[in-house]
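*Asks:* If it helps, the file is called my_file.cif and holds mmCIF, C-alpha atoms:
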data_query
#
loop_
_atom_site.label_atom_id
_atom_site.label_comp_id
_atom_site.auth_asym_id
_atom_site.auth_seq_id
_atom_site.Cartn_x
_atom_site.Cartn_y
_atom_site.Cartn_z
CA MET A 96 7.55 5.15 -26.36
CA GLU A 97 5.12 3.67 -23.83
CA ASN A 98 3.05 0.59 -24.58
CA PHE A 99 -0.16 2.61 -24.85
CA GLU A 100 1.42 4.91 -27.42
CA LYS A 101 2.45 1.84 -29.42
CA VAL A 102 -1.13 0.55 -29.29
CA GLU A 103 -2.31 3.97 -30.50
CA LYS A 104 0.14 3.92 -33.42
CA ILE A 105 -0.89 0.41 -34.45
CA ILE A 106 -4.56 1.47 -34.42
CA GLU A 107 -3.73 4.63 -36.37
CA LYS A 108 -1.67 2.82 -39.01
CA THR A 109 -3.76 -0.31 -39.43
CA GLY A 110 -7.30 0.55 -38.34
CA VAL A 111 -7.63 -2.55 -36.13
CA SER A 112 -9.51 -2.51 -32.80
CA TYR A 113 -7.90 -1.69 -29.48
CA GLU A 114 -8.10 -5.32 -28.36
CA ASP A 115 -6.47 -6.62 -31.55
CA ALA A 116 -3.68 -4.02 -31.40
CA LYS A 117 -2.95 -4.69 -27.73
CA LYS A 118 -3.02 -8.46 -28.20
CA VAL A 119 -0.71 -8.50 -31.21
CA LEU A 120 1.74 -6.13 -29.51
CA GLU A 121 1.85 -8.31 -26.41
CA GLU A 122 2.43 -11.39 -28.56
CA ASN A 123 5.33 -9.64 -30.32
CA ASN A 124 6.95 -8.13 -27.19
CA TYR A 125 5.73 -4.65 -28.16
CA ASP A 126 7.75 -4.62 -31.38
CA MET A 127 5.60 -2.49 -33.70
CA LEU A 128 7.00 -3.74 -37.00
CA ASP A 129 6.53 -7.39 -36.03
CA ALA A 130 3.03 -6.58 -34.78
CA ILE A 131 2.00 -4.95 -38.08
CA ILE A 132 3.43 -7.86 -40.05
CA ALA A 133 1.53 -10.30 -37.83
CA LEU A 134 -1.71 -8.35 -38.39
CA GLU A 135 -1.13 -8.43 -42.16
CA ARG A 136 -0.58 -12.20 -42.04
CA GLN A 137 -3.82 -12.61 -40.08
CA GLY A 138 -5.61 -10.64 -42.80
CA LYS A 139 -6.70 -7.90 -40.43
CA VAL A 140 -4.76 -5.25 -42.34
CA VAL A 141 -5.13 -4.65 -46.02
CA THR A 142 -1.75 -4.04 -47.60
CA PRO A 143 -1.66 -0.98 -49.85
CA LYS A 144 -1.90 -1.58 -53.59
CA GLU A 145 0.76 0.81 -54.77
CA GLY A 146 2.73 3.35 -52.88
CA SER A 147 1.51 4.49 -49.51
CA TYR A 148 -0.76 3.97 -46.53
CA THR A 149 -2.79 7.13 -47.17
CA ALA A 150 -6.52 6.86 -46.65
CA GLY A 151 -9.59 8.80 -47.60
CA ALA A 152 -11.43 11.15 -45.26
CA GLY A 153 -13.94 8.45 -44.28
CA GLN A 154 -11.24 6.03 -43.17
CA ASP A 155 -9.47 8.82 -41.25
CA MET A 156 -12.67 9.56 -39.33
CA GLU A 157 -13.14 5.86 -38.62
CA ASN A 158 -9.55 5.65 -37.33
CA VAL A 159 -10.11 8.70 -35.10
CA GLN A 160 -13.21 7.10 -33.63
CA LYS A 161 -11.37 3.83 -33.06
CA PHE A 162 -8.49 5.71 -31.49
CA GLU A 163 -10.81 7.62 -29.12
CA LEU A 164 -12.54 4.38 -28.17
CA ALA A 165 -9.19 2.71 -27.54
CA GLN A 166 -8.04 5.68 -25.46
CA ARG A 167 -11.16 5.57 -23.28
CA GLN A 168 -10.74 1.81 -22.81
CA TYR A 169 -7.08 2.27 -21.83
CA GLU A 170 -7.93 5.04 -19.33
CA LYS A 171 -10.65 2.86 -17.81
CA ASP A 172 -8.16 -0.04 -17.49
CA CYS A 173 -5.60 2.26 -15.87
CA LYS A 174 -8.08 3.61 -13.32
CA LYS A 175 -9.17 0.07 -12.46
CA ASN A 176 -5.55 -1.09 -12.08
CA ASN A 177 -4.57 1.99 -10.03
CA PHE A 178 -7.51 1.44 -7.68
CA LYS A 179 -6.66 -2.24 -7.29
CA GLU A 180 -2.99 -1.42 -6.68
CA GLY A 181 -3.92 1.24 -4.12
CA CYS A 182 -6.22 -1.17 -2.29
CA ARG A 183 -3.51 -3.83 -2.35
CA LYS A 184 -0.97 -1.40 -0.85
CA ILE A 185 -3.38 -0.37 1.91
CA ALA A 186 -4.16 -4.03 2.70
CA ASP A 187 -0.42 -4.84 2.81
CA PHE A 188 0.16 -1.92 5.19
CA PHE A 189 -2.60 -3.07 7.57
CA LYS A 190 -1.32 -6.65 7.38
CA PHE A 191 2.18 -5.40 8.32
CA ILE A 192 0.82 -3.35 11.25
CA PHE A 193 -1.28 -6.28 12.48
CA LYS A 194 1.71 -8.65 12.29
CA LYS A 195 3.96 -6.21 14.17
CA SER A 196 1.28 -5.62 16.83
CA LEU A 197 1.31 -9.35 17.56
CA GLU A 198 5.14 -9.63 17.53
CA ILE A 199 5.76 -6.75 19.95
CA GLU A 200 4.84 -7.42 23.56
CA PHE A 201 3.93 -4.98 26.36
CA CYS A 202 5.61 -6.28 29.53
CA ILE A 203 4.62 -5.42 33.08
CA ASN A 204 7.75 -5.61 35.25
CA LYS A 205 8.15 -5.83 39.02
CA ASP A 206 11.59 -5.88 40.65
CA GLY A 207 13.35 -6.20 37.28
CA ARG A 208 11.50 -9.24 35.98
CA CYS A 209 8.52 -9.55 33.66
CA VAL A 210 5.39 -10.41 35.66
CA ALA A 211 3.00 -10.34 32.69
CA GLY A 212 3.13 -9.62 28.99
CA VAL A 213 0.50 -9.03 26.35
CA PRO A 214 0.76 -8.31 22.63
CA VAL A 215 0.56 -4.62 21.76
CA LEU A 216 -2.66 -5.34 19.88
CA VAL A 217 -4.32 -6.35 23.16
CA LEU A 218 -3.01 -3.19 24.86
CA VAL A 219 -4.36 -1.01 22.04
CA LEU A 220 -7.76 -2.74 22.19
CA LEU A 221 -7.88 -2.28 25.97
CA LEU A 222 -6.97 1.39 25.61
CA LEU A 223 -9.61 1.91 22.93
CA GLY A 224 -12.38 -0.02 24.67
CA PHE A 225 -11.64 0.64 28.34
CA PHE A 226 -9.54 3.81 28.27
CA TRP A 227 -10.82 5.16 31.61
CA ILE A 228 -9.90 1.91 33.36
CA THR A 229 -6.71 0.83 31.56
CA LEU A 230 -4.79 4.11 31.63
CA PRO A 231 -5.39 4.82 35.35
CA LEU A 232 -4.35 1.24 36.19
CA ILE A 233 -1.11 1.73 34.26
CA VAL A 234 -0.41 5.03 36.05
CA ILE A 235 -1.32 3.61 39.49
CA GLY A 236 0.95 0.65 38.76
CA LEU A 237 3.87 3.08 38.41
CA PHE A 238 3.33 4.23 42.00
CA PHE A 239 3.28 0.65 43.28
CA GLY A 240 6.71 -0.11 41.81
CA PHE A 241 5.67 -1.60 38.49
CA SER A 242 7.50 -0.61 35.34
CA TYR A 243 6.62 -1.20 31.73
CA SER A 244 8.60 -2.13 28.66
CA PHE A 245 8.16 -3.37 25.12
CA THR A 246 9.95 -6.43 23.81
CA GLY A 247 10.15 -7.90 20.37
CA VAL A 248 11.80 -5.60 17.85
CA GLY A 249 15.03 -3.49 17.66
CA LYS A 250 15.80 0.22 18.02
CA VAL A 251 12.32 1.73 17.96
CA ILE A 252 11.35 -0.42 20.93
CA LEU A 253 14.44 0.71 22.83
CA ASP A 254 13.44 4.36 22.38
CA VAL A 255 9.93 3.61 23.68
CA ASN A 256 11.43 1.70 26.59
CA ASP A 257 13.49 4.79 27.50
CA VAL A 258 10.25 6.77 27.74
CA CYS A 259 8.71 4.03 29.90
CA ASP A 260 11.79 4.04 32.16
CA LYS A 261 11.61 7.83 32.53
CA ALA A 262 7.91 7.57 33.45
CA SER A 263 8.75 4.94 36.08
CA GLN A 264 11.57 7.10 37.45
CA THR A 265 9.29 10.17 37.57
CA ALA A 266 6.62 8.19 39.47
CA GLU A 267 9.29 6.96 41.88
CA ASN A 268 10.52 10.55 42.44
CA ILE A 269 6.97 11.79 43.10
CA LYS A 270 6.41 8.91 45.52
CA ASN A 271 9.65 9.71 47.38
CA GLU A 272 8.81 13.42 47.60
CA PHE A 273 5.37 12.57 48.93
CA LYS A 274 6.94 10.35 51.63
CA LYS A 275 9.36 13.15 52.61
CA ASP A 276 6.50 15.65 52.92
CA ASN A 277 4.55 13.28 55.19
CA GLU A 278 7.52 12.72 57.51
#
Will you turn the file into structure tokens for me?
*Replies:*
Amino acid sequence: MENFEKVEKIIEKTGVSYEDAKKVLEENNYDMLDAIIALERQGKVVTPKEGSYTAGAGQDMENVQKFELAQRQYEKDCKKNNFKEGCRKIADFFKFIFKKSLEIEFCINKDGRCVAGVPVLVLVLLLLGFFWITLPLIVIGLFFGFSYSFTGVGKVILDVNDVCDKASQTAENIKNEFKKDNE
């Protein structure tokens, strides 16, 4: 039985408010019997005179209203908590991406050594802001013997570096074919 169902049962059996039922259950580690006993000791529940916990029609209607109110309050709390949790997960994701974009570096290589390196975040910002300048410069650099690689993190980076190496090799092949055609 979930905690909300236990709160519902306490409200149904004792007629206390949602807040009182939730509080007493939390104080008693969601043990229903201990919670009811605690409510009786606090004087919030009237113990039956003889026999049973049956109630008249008026008290039943009052309990139904209290139950509906408690249910609405619980649903509102759940929606609020789900929204907060969702926002927290999104913020954590963006924080992770931001951190990784600073850890991984885009290196510009010439003759096998790194001439310059910038965090991937800077590369992304340059591509977003100055796409028509940055991308052609990267492509032109391939024809002048520059190669590109990413450093910083394991296997995924190696796969991206393979693509960069293939692009450099393709540019080199095109350059060589162009030289052959001119000769």
*Asks:* Work out how far apart CA of Ile235 in chain A and CA of Lys195 in chain A are and give it in Å to one decimal.
*Replies:* 27.7 Å
*Asks:* So that I can see what lies close to range 213-224 of chain A, please list as an mmCIF file with C-alpha atoms, in the frame of the given file the residues with an atom at most 10 Å from it, counting only C-alpha atoms and leaving out residues fewer than 6 positions away in the same chain.
*Replies:*
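Listing of selection-v6.cif after writing:
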data_model
loop_
_atom_site.group_PDB
_atom_site.id
_atom_site.type_symbol
_atom_site.label_atom_id
_atom_site.label_comp_id
_atom_site.auth_asym_id
_atom_site.auth_seq_id
_atom_site.Cartn_x
_atom_site.Cartn_y
_atom_site.Cartn_z
ATOM 1 C CA ILE A 192 0.820 -3.350 11.250
ATOM 2 C CA PHE A 193 -1.280 -6.280 12.480
ATOM 3 C CA LYS A 194 1.710 -8.650 12.290
ATOM 4 C CA LYS A 195 3.960 -6.210 14.170
ATOM 5 C CA SER A 196 1.280 -5.620 16.830
ATOM 6 C CA LEU A 197 1.310 -9.350 17.560
ATOM 7 C CA GLU A 198 5.140 -9.630 17.530
ATOM 8 C CA ILE A 199 5.760 -6.750 19.950
ATOM 9 C CA GLU A 200 4.840 -7.420 23.560
ATOM 10 C CA PHE A 201 3.930 -4.980 26.360
ATOM 11 C CA CYS A 202 5.610 -6.280 29.530
ATOM 12 C CA ILE A 203 4.620 -5.420 33.080
ATOM 13 C CA LEU A 230 -4.790 4.110 31.630
ATOM 14 C CA PHE A 245 8.160 -3.370 25.120
ATOM 15 C CA THR A 246 9.950 -6.430 23.810
ATOM 16 C CA GLY A 247 10.150 -7.900 20.370
#
*Asks:* Neighbours of range 260-267 of chain A within 8 Å (all atoms listed in the file; same-chain residues fewer than 6 positions away dropped), as a ChimeraX atom specification?
*Replies:* /A:237-238,240-244
*Asks:* Considering only C-alpha atoms, return as an MDAnalysis selection string whatever protein or nucleic-acid residues lie within 7 Å of range 108-125 of chain A, sequence-local ones (same chain, fewer than 5 positions apart) excluded.
*Replies:* chainID A and resid 98 102 130 139:140 158 161 165
*Asks:* Work out how far CA of Phe189 in chain A is from CA of Ile228 in chain A, in Å to one decimal.
*Replies:*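 If I compute the distance from CA of Ile228 in chain A to CA of Phe189 in chain A, I get 27.3 Å.
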*Asks:* What is the distance between CA of Phe239 in chain A and CA of Val255 in chain A, in Å to one decimal?
*Replies:*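 Between CA of Phe239 in chain A and CA of Val255 in chain A the gap is 20.9 Å.
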*Asks:* Which residue, A:Glu103, A:Lys179, A:Ile233, A:Ile269, has the smallest gap to Arg167 in chain A when you use all atoms listed in the file?
*Replies:* A:Glu103
*Asks:* Could you tell me which of A:Arg136, A:Lys205, A:Lys190, A:Lys101 comes closest to Phe162 in chain A if we count only C-alpha atoms?
*Replies:*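 Nearest to Phe162 in chain A: A:Lys101.
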*Asks:* Have a look at A:Ile106, A:Glu180, A:Phe226, A:Asn271 and name the one nearest to Leu164 in chain A; count all atoms listed in the file.
*Replies:*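 Using all atoms listed in the file, Leu164 in chain A sits closest to A:Ile106.
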